[in-house]
Amino acid sequence: MKLPKLEKSDKYVGLYIFDFGNHVGVGFTAQEVAELLESERYKQGKVYKIHKAYPDGRLELKGVPTEIFQLEAGMFFYSNDLETGKGDFKQLVNLAIRTSPPCRAKVHLAKYSDGKFVVALIYPAEYDDEVSSWLLDGQYKTAGAAEGGAGAVQRYYDKRAEILDRHQLFGESELVSRTGEELLASLNLAVQR
């Protein structure tokens, strides 16, 4: 895979490279990659996430399985009483008010039939690393057990917990994702941004 020379390569960290087979495009957002992979024409593309960029233009890449763009991931914070659950829920919502999350997400405060409570944070799986960093940077801490991943989301949905409160989080992105004709018109460009 031959990559184009990038000016200010550090601005590409967190974006994606899409390998079309006969050429590559650098600088796609996760939403743009998801749209490409949903199309019949580009569903076989290969995707790489840019994790680090060096001043000399070198990039550190991580291959991303294409199915990740079709999954939800989540983090689940458990408690044994409603008051603790409400506090954890409020703390997470307040973190999102202070510092926008890296992507859109939903937060639920839910009760399981056995009297246990959970704060569920559910988001597109391709943002798993960024959401983890956001929680760490925001010093979000709870007293109970926690679990995460795509499997945890499915288990949560399967248990059909009673949702007591919910909040929608909106990620603040510096980059606007292109869709439809605008995205397709730029696919022949090696550098997208």
# chains A, B, ... in the order shown; residues from 1 in each chain; ligands from 1

call {"tool": "closest_atom_pairs", "arguments": {"of": "region 83-148 of chain A", "to": "region 9-26 of chain A", "cutoff": "12 Å", "atoms": "only C-alpha atoms", "output": "Markdown table"}}
result
| residue | atom | partner | partner_atom | distance |
| --- | --- | --- | --- | --- |
| A:Pro102 | CA | A:Gly14 | CA | 10.4 |
| A:Glu126 | CA | A:Gly14 | CA | 10.5 |
| A:Tyr127 | CA | A:Gly14 | CA | 9.5 |
| A:Asp128 | CA | A:Gly14 | CA | 11.8 |
| A:Asp129 | CA | A:Gly14 | CA | 10.0 |
| A:Glu130 | CA | A:Gly14 | CA | 8.7 |

call {"tool": "write_last_selection", "arguments": {"atoms": "C-alpha atoms", "output": "tab-separated table (two decimals), in the first residue's frame"}}
result
chain	number	residue	atom	x	y	z
A	102	PRO	CA	-15.54	11.62	21.08
A	126	GLU	CA	-15.12	2.05	16.15
A	127	TYR	CA	-14.74	4.64	18.94
A	128	ASP	CA	-13.86	2.16	21.70
A	129	ASP	CA	-10.33	3.47	22.31
A	130	GLU	CA	-11.42	7.11	22.22

call {"tool": "residues_around", "arguments": {"residues": "Leu169 (chain A)", "least_positions_apart": "6", "cutoff": "7 Å", "atoms": "only C-alpha atoms", "output": "PDB file with N, CA and C atoms, in the first residue's frame"}}
result
ATOM      1  N   ALA A  96     -19.990  14.607  30.238  1.00  0.00           N
ATOM      2  CA  ALA A  96     -20.277  14.922  28.837  1.00  0.00           C
ATOM      3  C   ALA A  96     -20.604  16.403  28.652  1.00  0.00           C
ATOM      4  N   ARG A 104     -21.137  10.266  19.255  1.00  0.00           N
ATOM      5  CA  ARG A 104     -22.478  10.184  19.811  1.00  0.00           C
ATOM      6  C   ARG A 104     -22.558   8.912  20.660  1.00  0.00           C
ATOM      7  N   ALA A 105     -23.369   8.963  21.696  1.00  0.00           N
ATOM      8  CA  ALA A 105     -23.525   7.814  22.589  1.00  0.00           C
ATOM      9  C   ALA A 105     -24.845   7.963  23.329  1.00  0.00           C
ATOM     10  N   LYS A 106     -25.312   6.862  23.880  1.00  0.00           N
ATOM     11  CA  LYS A 106     -26.496   6.925  24.728  1.00  0.00           C
ATOM     12  C   LYS A 106     -26.123   6.391  26.106  1.00  0.00           C
TER      13      LYS A 106
END

call {"tool": "residues_around", "arguments": {"residues": "Gly138 (chain A)", "least_positions_apart": "4", "cutoff": "8 Å", "atoms": "only C-alpha atoms", "output": "PDB file with N, CA, C and O atoms, in the first residue's frame"}}
result
ATOM      1  N   LEU A  95     -19.968  14.776  33.024  1.00  0.00           N
ATOM      2  CA  LEU A  95     -18.698  14.704  32.296  1.00  0.00           C
ATOM      3  C   LEU A  95     -18.914  15.096  30.838  1.00  0.00           C
ATOM      4  O   LEU A  95     -18.131  15.864  30.265  1.00  0.00           O
ATOM      5  N   THR A  99     -16.966  18.074  29.049  1.00  0.00           N
ATOM      6  CA  THR A  99     -16.086  17.714  27.943  1.00  0.00           C
ATOM      7  C   THR A  99     -16.857  16.801  27.000  1.00  0.00           C
ATOM      8  O   THR A  99     -17.220  15.685  27.388  1.00  0.00           O
ATOM      9  N   TRP A 134     -11.495   9.075  26.922  1.00  0.00           N
ATOM     10  CA  TRP A 134     -12.345  10.163  27.400  1.00  0.00           C
ATOM     11  C   TRP A 134     -12.761   9.934  28.854  1.00  0.00           C
ATOM     12  O   TRP A 134     -12.710  10.850  29.678  1.00  0.00           O
TER      13      TRP A 134
END

call {"tool": "select_by_dssp", "arguments": {"residues": "region 27-186 of chain A", "states": "strand (DSSP E)", "output": "short mmCIF file (atom, residue, chain, number, x, y, z; two decimals) with all heavy atoms, in the first residue's frame"}}
result
data_model
loop_
_atom_site.label_atom_id
_atom_site.label_comp_id
_atom_site.auth_asym_id
_atom_site.auth_seq_id
_atom_site.Cartn_x
_atom_site.Cartn_y
_atom_site.Cartn_z
N GLY A 27 -7.58 10.02 5.35
CA GLY A 27 -8.28 11.11 6.01
C GLY A 27 -9.78 10.96 6.08
O GLY A 27 -10.49 11.96 6.21
N PHE A 28 -10.29 9.76 6.04
CA PHE A 28 -11.73 9.54 6.17
C PHE A 28 -12.14 9.54 7.64
O PHE A 28 -11.39 9.09 8.50
CB PHE A 28 -12.13 8.19 5.56
CG PHE A 28 -12.04 8.14 4.07
CD1 PHE A 28 -10.96 7.55 3.44
CD2 PHE A 28 -13.04 8.68 3.28
CE1 PHE A 28 -10.86 7.49 2.06
CE2 PHE A 28 -12.97 8.63 1.90
CZ PHE A 28 -11.87 8.04 1.29
N LYS A 46 -10.36 -2.33 2.59
CA LYS A 46 -9.61 -2.55 3.83
C LYS A 46 -9.45 -1.21 4.53
O LYS A 46 -9.26 -0.19 3.89
CB LYS A 46 -8.25 -3.17 3.52
CG LYS A 46 -8.38 -4.58 2.99
CD LYS A 46 -7.05 -5.25 2.87
CE LYS A 46 -7.31 -6.68 2.49
NZ LYS A 46 -6.51 -7.16 1.44
N VAL A 47 -9.52 -1.25 5.86
CA VAL A 47 -9.53 -0.02 6.64
C VAL A 47 -8.39 -0.04 7.67
O VAL A 47 -8.14 -1.06 8.31
CB VAL A 47 -10.88 0.14 7.38
CG1 VAL A 47 -10.92 1.42 8.17
CG2 VAL A 47 -12.04 0.08 6.39
N TYR A 48 -7.74 1.11 7.80
CA TYR A 48 -6.66 1.29 8.78
C TYR A 48 -6.91 2.59 9.52
O TYR A 48 -7.26 3.60 8.92
CB TYR A 48 -5.30 1.37 8.09
CG TYR A 48 -5.02 0.17 7.22
CD1 TYR A 48 -5.43 0.13 5.89
CD2 TYR A 48 -4.37 -0.95 7.74
CE1 TYR A 48 -5.19 -0.98 5.10
CE2 TYR A 48 -4.13 -2.07 6.96
CZ TYR A 48 -4.55 -2.08 5.64
OH TYR A 48 -4.32 -3.18 4.86
N LYS A 49 -6.69 2.54 10.82
CA LYS A 49 -6.83 3.75 11.64
C LYS A 49 -5.45 4.33 11.89
O LYS A 49 -4.49 3.61 12.17
CB LYS A 49 -7.51 3.44 12.97
CG LYS A 49 -7.84 4.67 13.76
CD LYS A 49 -8.75 4.34 14.92
CE LYS A 49 -9.22 5.62 15.57
NZ LYS A 49 -10.17 5.35 16.62
N ILE A 50 -5.34 5.64 11.78
CA ILE A 50 -4.06 6.33 12.02
C ILE A 50 -3.94 6.60 13.51
O ILE A 50 -4.71 7.38 14.06
CB ILE A 50 -3.98 7.63 11.19
CG1 ILE A 50 -4.15 7.31 9.70
CG2 ILE A 50 -2.67 8.36 11.47
CD1 ILE A 50 -4.36 8.53 8.82
N HIS A 51 -2.97 5.93 14.16
CA HIS A 51 -2.81 6.07 15.60
C HIS A 51 -1.74 7.09 16.00
O HIS A 51 -1.88 7.74 17.02
CB HIS A 51 -2.47 4.72 16.24
CG HIS A 51 -3.70 3.92 16.51
ND1 HIS A 51 -4.44 4.06 17.66
CD2 HIS A 51 -4.35 3.00 15.76
CE1 HIS A 51 -5.48 3.25 17.61
NE2 HIS A 51 -5.45 2.60 16.48
N LYS A 52 -0.71 7.19 15.20
CA LYS A 52 0.35 8.16 15.49
C LYS A 52 0.87 8.72 14.17
O LYS A 52 0.84 8.04 13.15
CB LYS A 52 1.53 7.52 16.23
CG LYS A 52 1.26 7.23 17.67
CD LYS A 52 2.54 6.75 18.36
CE LYS A 52 2.26 6.42 19.81
NZ LYS A 52 3.44 5.86 20.47
N ALA A 53 1.35 9.94 14.25
CA ALA A 53 1.97 10.57 13.08
C ALA A 53 3.27 11.19 13.55
O ALA A 53 3.35 11.75 14.64
CB ALA A 53 1.04 11.62 12.49
N LEU A 59 3.44 7.34 9.40
CA LEU A 59 2.21 7.11 10.15
C LEU A 59 2.26 5.74 10.81
O LEU A 59 2.78 4.79 10.23
CB LEU A 59 1.00 7.15 9.21
CG LEU A 59 0.74 8.43 8.44
CD1 LEU A 59 -0.41 8.24 7.47
CD2 LEU A 59 0.46 9.58 9.39
N GLU A 60 1.71 5.65 12.00
CA GLU A 60 1.54 4.37 12.67
C GLU A 60 0.09 3.98 12.49
O GLU A 60 -0.82 4.71 12.91
CB GLU A 60 1.89 4.50 14.15
CG GLU A 60 1.97 3.19 14.87
CD GLU A 60 2.47 3.38 16.29
OE1 GLU A 60 3.54 3.96 16.49
OE2 GLU A 60 1.73 2.94 17.21
N LEU A 61 -0.14 2.82 11.88
CA LEU A 61 -1.49 2.39 11.51
C LEU A 61 -1.89 1.14 12.28
O LEU A 61 -1.04 0.35 12.68
CB LEU A 61 -1.56 2.07 10.02
CG LEU A 61 -1.08 3.13 9.05
CD1 LEU A 61 -1.17 2.60 7.62
CD2 LEU A 61 -1.88 4.40 9.21
N LYS A 62 -3.19 0.98 12.41
CA LYS A 62 -3.74 -0.24 13.00
C LYS A 62 -4.86 -0.70 12.07
O LYS A 62 -5.78 0.07 11.78
CB LYS A 62 -4.29 0.06 14.39
CG LYS A 62 -4.93 -1.12 15.07
CD LYS A 62 -5.47 -0.71 16.44
CE LYS A 62 -6.22 -1.86 17.09
NZ LYS A 62 -6.86 -1.44 18.33
N GLY A 63 -4.78 -1.95 11.62
CA GLY A 63 -5.85 -2.49 10.79
C GLY A 63 -7.13 -2.60 11.60
O GLY A 63 -7.11 -2.95 12.77
N VAL A 64 -8.24 -2.28 10.98
CA VAL A 64 -9.54 -2.30 11.66
C VAL A 64 -10.44 -3.29 10.92
O VAL A 64 -10.69 -3.13 9.72
CB VAL A 64 -10.19 -0.90 11.66
CG1 VAL A 64 -11.54 -0.93 12.37
CG2 VAL A 64 -9.27 0.13 12.29
N GLU A 72 -22.13 -2.02 17.95
CA GLU A 72 -22.12 -1.09 19.07
C GLU A 72 -21.23 -1.69 20.15
O GLU A 72 -21.20 -2.91 20.33
CB GLU A 72 -23.52 -0.93 19.66
CG GLU A 72 -24.47 -0.12 18.83
CD GLU A 72 -25.81 0.03 19.51
OE1 GLU A 72 -26.37 -0.98 19.99
OE2 GLU A 72 -26.31 1.16 19.55
N ALA A 73 -20.50 -0.85 20.83
CA ALA A 73 -19.74 -1.27 22.00
C ALA A 73 -20.31 -0.51 23.18
O ALA A 73 -21.10 0.43 23.02
CB ALA A 73 -18.25 -0.96 21.82
N GLY A 74 -19.91 -0.91 24.35
CA GLY A 74 -20.43 -0.21 25.52
C GLY A 74 -19.58 -0.43 26.74
O GLY A 74 -18.71 -1.30 26.78
N MET A 75 -19.84 0.40 27.73
CA MET A 75 -19.25 0.25 29.05
C MET A 75 -20.41 0.26 30.04
O MET A 75 -21.32 1.08 29.93
CB MET A 75 -18.27 1.36 29.32
CG MET A 75 -17.15 1.39 28.31
SD MET A 75 -15.65 1.96 29.01
CE MET A 75 -14.61 1.88 27.56
N PHE A 76 -20.34 -0.67 30.98
CA PHE A 76 -21.43 -0.88 31.92
C PHE A 76 -20.89 -0.81 33.33
O PHE A 76 -19.95 -1.52 33.68
CB PHE A 76 -22.10 -2.23 31.64
CG PHE A 76 -22.68 -2.28 30.26
CD1 PHE A 76 -21.89 -2.62 29.16
CD2 PHE A 76 -23.99 -1.93 30.04
CE1 PHE A 76 -22.41 -2.62 27.89
CE2 PHE A 76 -24.53 -1.93 28.76
CZ PHE A 76 -23.73 -2.27 27.68
N PHE A 77 -21.50 0.05 34.13
CA PHE A 77 -21.05 0.31 35.49
C PHE A 77 -22.18 -0.10 36.45
O PHE A 77 -23.25 0.50 36.44
CB PHE A 77 -20.69 1.80 35.65
CG PHE A 77 -19.71 2.26 34.60
CD1 PHE A 77 -20.16 2.89 33.44
CD2 PHE A 77 -18.35 2.02 34.74
CE1 PHE A 77 -19.26 3.31 32.47
CE2 PHE A 77 -17.45 2.42 33.77
CZ PHE A 77 -17.90 3.06 32.63
N TYR A 78 -21.92 -1.12 37.26
CA TYR A 78 -22.95 -1.75 38.08
C TYR A 78 -22.95 -1.20 39.51
O TYR A 78 -21.92 -0.81 40.05
CB TYR A 78 -22.74 -3.26 38.11
CG TYR A 78 -22.86 -3.87 36.74
CD1 TYR A 78 -21.73 -4.11 35.96
CD2 TYR A 78 -24.10 -4.18 36.21
CE1 TYR A 78 -21.85 -4.66 34.69
CE2 TYR A 78 -24.22 -4.72 34.94
CZ TYR A 78 -23.08 -4.96 34.18
OH TYR A 78 -23.21 -5.49 32.93
N SER A 79 -24.14 -1.22 40.12
CA SER A 79 -24.28 -0.85 41.53
C SER A 79 -25.41 -1.69 42.14
O SER A 79 -26.25 -2.23 41.42
CB SER A 79 -24.58 0.64 41.67
OG SER A 79 -25.76 0.98 41.00
N ALA A 105 -23.37 8.96 21.70
CA ALA A 105 -23.53 7.81 22.59
C ALA A 105 -24.85 7.96 23.33
O ALA A 105 -25.41 9.05 23.40
CB ALA A 105 -22.36 7.74 23.58
N LYS A 106 -25.31 6.86 23.88
CA LYS A 106 -26.50 6.93 24.73
C LYS A 106 -26.12 6.39 26.11
O LYS A 106 -25.29 5.50 26.23
CB LYS A 106 -27.67 6.16 24.12
CG LYS A 106 -27.43 4.70 23.85
CD LYS A 106 -28.59 4.10 23.09
CE LYS A 106 -28.29 2.67 22.65
NZ LYS A 106 -29.32 2.14 21.77
N VAL A 107 -26.74 7.00 27.11
CA VAL A 107 -26.51 6.60 28.49
C VAL A 107 -27.86 6.20 29.09
O VAL A 107 -28.83 6.94 28.97
CB VAL A 107 -25.90 7.76 29.32
CG1 VAL A 107 -25.65 7.31 30.75
CG2 VAL A 107 -24.62 8.26 28.69
N HIS A 108 -27.89 5.03 29.71
CA HIS A 108 -29.09 4.55 30.39
C HIS A 108 -28.77 4.30 31.85
O HIS A 108 -27.68 3.83 32.18
CB HIS A 108 -29.57 3.21 29.82
CG HIS A 108 -30.08 3.26 28.44
ND1 HIS A 108 -30.32 2.13 27.69
CD2 HIS A 108 -30.41 4.29 27.63
CE1 HIS A 108 -30.78 2.47 26.50
NE2 HIS A 108 -30.84 3.78 26.44
N LEU A 109 -29.72 4.59 32.70
CA LEU A 109 -29.72 4.09 34.07
C LEU A 109 -30.81 3.03 34.06
O LEU A 109 -31.97 3.33 33.75
CB LEU A 109 -30.04 5.18 35.09
CG LEU A 109 -30.27 4.71 36.52
CD1 LEU A 109 -29.05 3.98 37.08
CD2 LEU A 109 -30.67 5.87 37.42
N ALA A 110 -30.44 1.78 34.33
CA ALA A 110 -31.40 0.69 34.20
C ALA A 110 -31.38 -0.20 35.44
O ALA A 110 -30.38 -0.28 36.15
CB ALA A 110 -31.09 -0.13 32.96
N LYS A 111 -32.51 -0.86 35.66
CA LYS A 111 -32.67 -1.78 36.79
C LYS A 111 -32.88 -3.19 36.25
O LYS A 111 -33.73 -3.41 35.39
CB LYS A 111 -33.87 -1.37 37.64
CG LYS A 111 -34.14 -2.31 38.79
CD LYS A 111 -35.40 -1.89 39.54
CE LYS A 111 -35.69 -2.87 40.67
NZ LYS A 111 -36.94 -2.56 41.33
N PHE A 117 -28.49 -2.45 39.60
CA PHE A 117 -28.62 -1.30 38.70
C PHE A 117 -27.36 -1.18 37.86
O PHE A 117 -26.28 -1.61 38.25
CB PHE A 117 -28.84 -0.02 39.52
CG PHE A 117 -30.10 -0.08 40.34
CD1 PHE A 117 -30.09 -0.65 41.61
CD2 PHE A 117 -31.29 0.39 39.82
CE1 PHE A 117 -31.26 -0.72 42.35
CE2 PHE A 117 -32.46 0.31 40.57
CZ PHE A 117 -32.44 -0.25 41.82
N VAL A 118 -27.53 -0.57 36.68
CA VAL A 118 -26.40 -0.38 35.79
C VAL A 118 -26.52 0.97 35.09
O VAL A 118 -27.61 1.41 34.75
CB VAL A 118 -26.30 -1.52 34.74
CG1 VAL A 118 -27.51 -1.53 33.80
CG2 VAL A 118 -25.01 -1.44 33.94
N VAL A 119 -25.37 1.61 34.92
CA VAL A 119 -25.27 2.77 34.04
C VAL A 119 -24.63 2.23 32.77
O VAL A 119 -23.50 1.73 32.79
CB VAL A 119 -24.43 3.90 34.66
CG1 VAL A 119 -24.19 5.00 33.64
CG2 VAL A 119 -25.11 4.45 35.90
N ALA A 120 -25.37 2.30 31.68
CA ALA A 120 -24.91 1.76 30.40
C ALA A 120 -24.53 2.92 29.48
O ALA A 120 -25.33 3.83 29.26
CB ALA A 120 -26.02 0.93 29.76
N LEU A 121 -23.31 2.87 28.97
CA LEU A 121 -22.82 3.84 27.98
C LEU A 121 -22.61 3.07 26.69
O LEU A 121 -21.76 2.19 26.63
CB LEU A 121 -21.51 4.47 28.46
CG LEU A 121 -20.79 5.39 27.48
CD1 LEU A 121 -21.63 6.62 27.17
CD2 LEU A 121 -19.43 5.81 28.05
N ILE A 122 -23.42 3.36 25.66
CA ILE A 122 -23.41 2.58 24.41
C ILE A 122 -23.09 3.52 23.25
O ILE A 122 -23.69 4.60 23.14
CB ILE A 122 -24.76 1.87 24.20
CG1 ILE A 122 -25.03 0.94 25.40
CG2 ILE A 122 -24.76 1.10 22.89
CD1 ILE A 122 -26.41 0.35 25.44
N TYR A 123 -22.16 3.10 22.38
CA TYR A 123 -21.63 3.96 21.32
C TYR A 123 -21.15 3.10 20.15
O TYR A 123 -21.01 1.88 20.29
CB TYR A 123 -20.48 4.80 21.89
CG TYR A 123 -19.46 3.96 22.64
CD1 TYR A 123 -18.41 3.34 21.97
CD2 TYR A 123 -19.60 3.74 24.00
CE1 TYR A 123 -17.52 2.54 22.65
CE2 TYR A 123 -18.70 2.95 24.69
CZ TYR A 123 -17.66 2.35 24.00
OH TYR A 123 -16.77 1.54 24.68
N PRO A 124 -20.86 3.71 18.99
CA PRO A 124 -20.34 2.95 17.86
C PRO A 124 -18.99 2.31 18.21
O PRO A 124 -18.11 2.97 18.78
CB PRO A 124 -20.17 3.99 16.75
CG PRO A 124 -21.08 5.11 17.14
CD PRO A 124 -21.10 5.12 18.64
N ALA A 146 -17.46 -3.23 36.71
CA ALA A 146 -17.64 -2.66 35.38
C ALA A 146 -17.26 -3.71 34.34
O ALA A 146 -16.47 -4.60 34.60
CB ALA A 146 -16.79 -1.41 35.22
N GLU A 147 -17.85 -3.59 33.18
CA GLU A 147 -17.47 -4.43 32.04
C GLU A 147 -17.69 -3.64 30.76
O GLU A 147 -18.37 -2.61 30.77
CB GLU A 147 -18.24 -5.75 32.02
CG GLU A 147 -19.70 -5.63 31.63
CD GLU A 147 -20.37 -6.97 31.41
OE1 GLU A 147 -19.71 -7.91 30.91
OE2 GLU A 147 -21.57 -7.08 31.72
N GLY A 148 -17.12 -4.11 29.67
CA GLY A 148 -17.27 -3.40 28.42
C GLY A 148 -17.15 -4.31 27.23
O GLY A 148 -16.86 -5.50 27.35
N GLU A 162 -35.06 -2.69 32.87
CA GLU A 162 -36.01 -1.58 32.91
C GLU A 162 -35.23 -0.26 32.91
O GLU A 162 -34.47 0.01 33.85
CB GLU A 162 -36.86 -1.67 34.17
CG GLU A 162 -37.82 -0.52 34.35
CD GLU A 162 -38.51 -0.52 35.71
OE1 GLU A 162 -38.31 -1.45 36.51
OE2 GLU A 162 -39.24 0.46 35.97
N ILE A 163 -35.40 0.55 31.88
CA ILE A 163 -34.67 1.82 31.78
C ILE A 163 -35.39 2.86 32.64
O ILE A 163 -36.56 3.18 32.42
CB ILE A 163 -34.56 2.28 30.32
CG1 ILE A 163 -33.77 1.25 29.51
CG2 ILE A 163 -33.89 3.66 30.24
CD1 ILE A 163 -33.73 1.49 28.03
N LEU A 164 -34.65 3.38 33.63
CA LEU A 164 -35.20 4.36 34.57
C LEU A 164 -34.93 5.79 34.13
O LEU A 164 -35.70 6.69 34.45
CB LEU A 164 -34.61 4.13 35.96
CG LEU A 164 -34.77 2.72 36.53
CD1 LEU A 164 -34.01 2.59 37.84
CD2 LEU A 164 -36.25 2.39 36.72
N ASP A 165 -33.82 5.99 33.44
CA ASP A 165 -33.45 7.32 32.95
C ASP A 165 -32.55 7.13 31.73
O ASP A 165 -31.88 6.11 31.60
CB ASP A 165 -32.72 8.12 34.04
CG ASP A 165 -32.80 9.63 33.82
OD1 ASP A 165 -33.27 10.07 32.75
OD2 ASP A 165 -32.38 10.37 34.73
N ARG A 166 -32.56 8.11 30.85
CA ARG A 166 -31.73 8.02 29.65
C ARG A 166 -31.28 9.41 29.24
O ARG A 166 -31.92 10.41 29.55
CB ARG A 166 -32.47 7.33 28.51
CG ARG A 166 -33.66 8.09 28.00
CD ARG A 166 -34.39 7.39 26.86
NE ARG A 166 -35.12 6.24 27.35
CZ ARG A 166 -35.19 5.07 26.71
NH1 ARG A 166 -34.62 4.91 25.55
NH2 ARG A 166 -35.86 4.06 27.22
N HIS A 167 -30.14 9.44 28.56
CA HIS A 167 -29.61 10.71 28.07
C HIS A 167 -28.84 10.43 26.78
O HIS A 167 -28.11 9.45 26.69
CB HIS A 167 -28.67 11.32 29.12
CG HIS A 167 -28.34 12.75 28.86
ND1 HIS A 167 -29.16 13.79 29.25
CD2 HIS A 167 -27.29 13.32 28.23
CE1 HIS A 167 -28.62 14.94 28.88
NE2 HIS A 167 -27.48 14.68 28.26
N GLN A 168 -29.01 11.29 25.80
CA GLN A 168 -28.29 11.18 24.53
C GLN A 168 -27.08 12.10 24.58
O GLN A 168 -27.21 13.28 24.91
CB GLN A 168 -29.19 11.57 23.35
CG GLN A 168 -28.51 11.51 22.00
CD GLN A 168 -28.21 10.09 21.56
OE1 GLN A 168 -29.05 9.21 21.68
NE2 GLN A 168 -27.01 9.87 21.07
N LEU A 169 -25.89 11.57 24.27
CA LEU A 169 -24.67 12.37 24.22
C LEU A 169 -24.33 12.63 22.76
O LEU A 169 -24.48 11.74 21.92
CB LEU A 169 -23.51 11.65 24.91
CG LEU A 169 -23.72 11.14 26.32
CD1 LEU A 169 -22.44 10.50 26.85
CD2 LEU A 169 -24.18 12.26 27.24
#

call {"tool": "select_by_dssp", "arguments": {"residues": "region 74-145 of chain A", "states": "alpha helix (DSSP H)", "output": "ChimeraX atom specification"}}
result
/A:82-98,128-137

call {"tool": "write_last_selection", "arguments": {"atoms": "C-alpha atoms", "output": "PDB file, in the first residue's frame"}}
result
ATOM      1  CA  LEU A  82     -30.586   3.047  43.159  1.00  0.00           C
ATOM      2  CA  GLU A  83     -28.914   6.048  44.806  1.00  0.00           C
ATOM      3  CA  THR A  84     -25.433   4.898  43.763  1.00  0.00           C
ATOM      4  CA  GLY A  85     -26.708   4.230  40.234  1.00  0.00           C
ATOM      5  CA  LYS A  86     -28.277   7.696  40.045  1.00  0.00           C
ATOM      6  CA  GLY A  87     -25.005   9.250  41.212  1.00  0.00           C
ATOM      7  CA  ASP A  88     -22.983   7.331  38.600  1.00  0.00           C
ATOM      8  CA  PHE A  89     -25.484   8.316  35.893  1.00  0.00           C
ATOM      9  CA  LYS A  90     -25.378  11.995  36.859  1.00  0.00           C
ATOM     10  CA  GLN A  91     -21.574  11.967  37.046  1.00  0.00           C
ATOM     11  CA  LEU A  92     -21.342  10.551  33.496  1.00  0.00           C
ATOM     12  CA  VAL A  93     -23.836  13.055  32.061  1.00  0.00           C
ATOM     13  CA  ASN A  94     -21.983  15.903  33.795  1.00  0.00           C
ATOM     14  CA  LEU A  95     -18.698  14.704  32.296  1.00  0.00           C
ATOM     15  CA  ALA A  96     -20.277  14.922  28.837  1.00  0.00           C
ATOM     16  CA  ILE A  97     -21.441  18.468  29.601  1.00  0.00           C
ATOM     17  CA  ARG A  98     -17.934  19.524  30.713  1.00  0.00           C
ATOM     18  CA  ASP A 128     -13.860   2.158  21.696  1.00  0.00           C
ATOM     19  CA  ASP A 129     -10.327   3.470  22.313  1.00  0.00           C
ATOM     20  CA  GLU A 130     -11.424   7.109  22.223  1.00  0.00           C
ATOM     21  CA  VAL A 131     -14.298   6.557  24.662  1.00  0.00           C
ATOM     22  CA  SER A 132     -11.977   4.749  27.079  1.00  0.00           C
ATOM     23  CA  SER A 133      -9.525   7.650  26.926  1.00  0.00           C
ATOM     24  CA  TRP A 134     -12.345  10.163  27.400  1.00  0.00           C
ATOM     25  CA  LEU A 135     -13.524   8.385  30.561  1.00  0.00           C
ATOM     26  CA  LEU A 136      -9.967   8.162  31.917  1.00  0.00           C
ATOM     27  CA  ASP A 137      -9.166  11.788  31.099  1.00  0.00           C
TER      28      ASP A 137
END

call {"tool": "residues_around", "arguments": {"residues": "Arg178 (chain A)", "least_positions_apart": "6", "cutoff": "9 Å", "atoms": "only C-alpha atoms", "output": "VMD selection string"}}
result
chain A and resid 29 31 to 32 184

call {"tool": "closest_residue", "arguments": {"among": "A:Leu37, A:Ala30, A:Leu6, A:Val191", "to": "Asp56 (chain A)", "atoms": "only C-alpha atoms"}}
result
A:Leu6

call {"tool": "atom_distance", "arguments": {"atom1": "CA of Glu38 (chain A)", "atom2": "CA of Ser177 (chain A)"}}
result
15.3 Å

call {"tool": "atom_distance", "arguments": {"atom1": "CA of Gln70 (chain A)", "atom2": "CA of Pro101 (chain A)"}}
result
19.7 Å

call {"tool": "atom_distance", "arguments": {"atom1": "CA of Lys8 (chain A)", "atom2": "CA of Tyr54 (chain A)"}}
result
9.2 Å
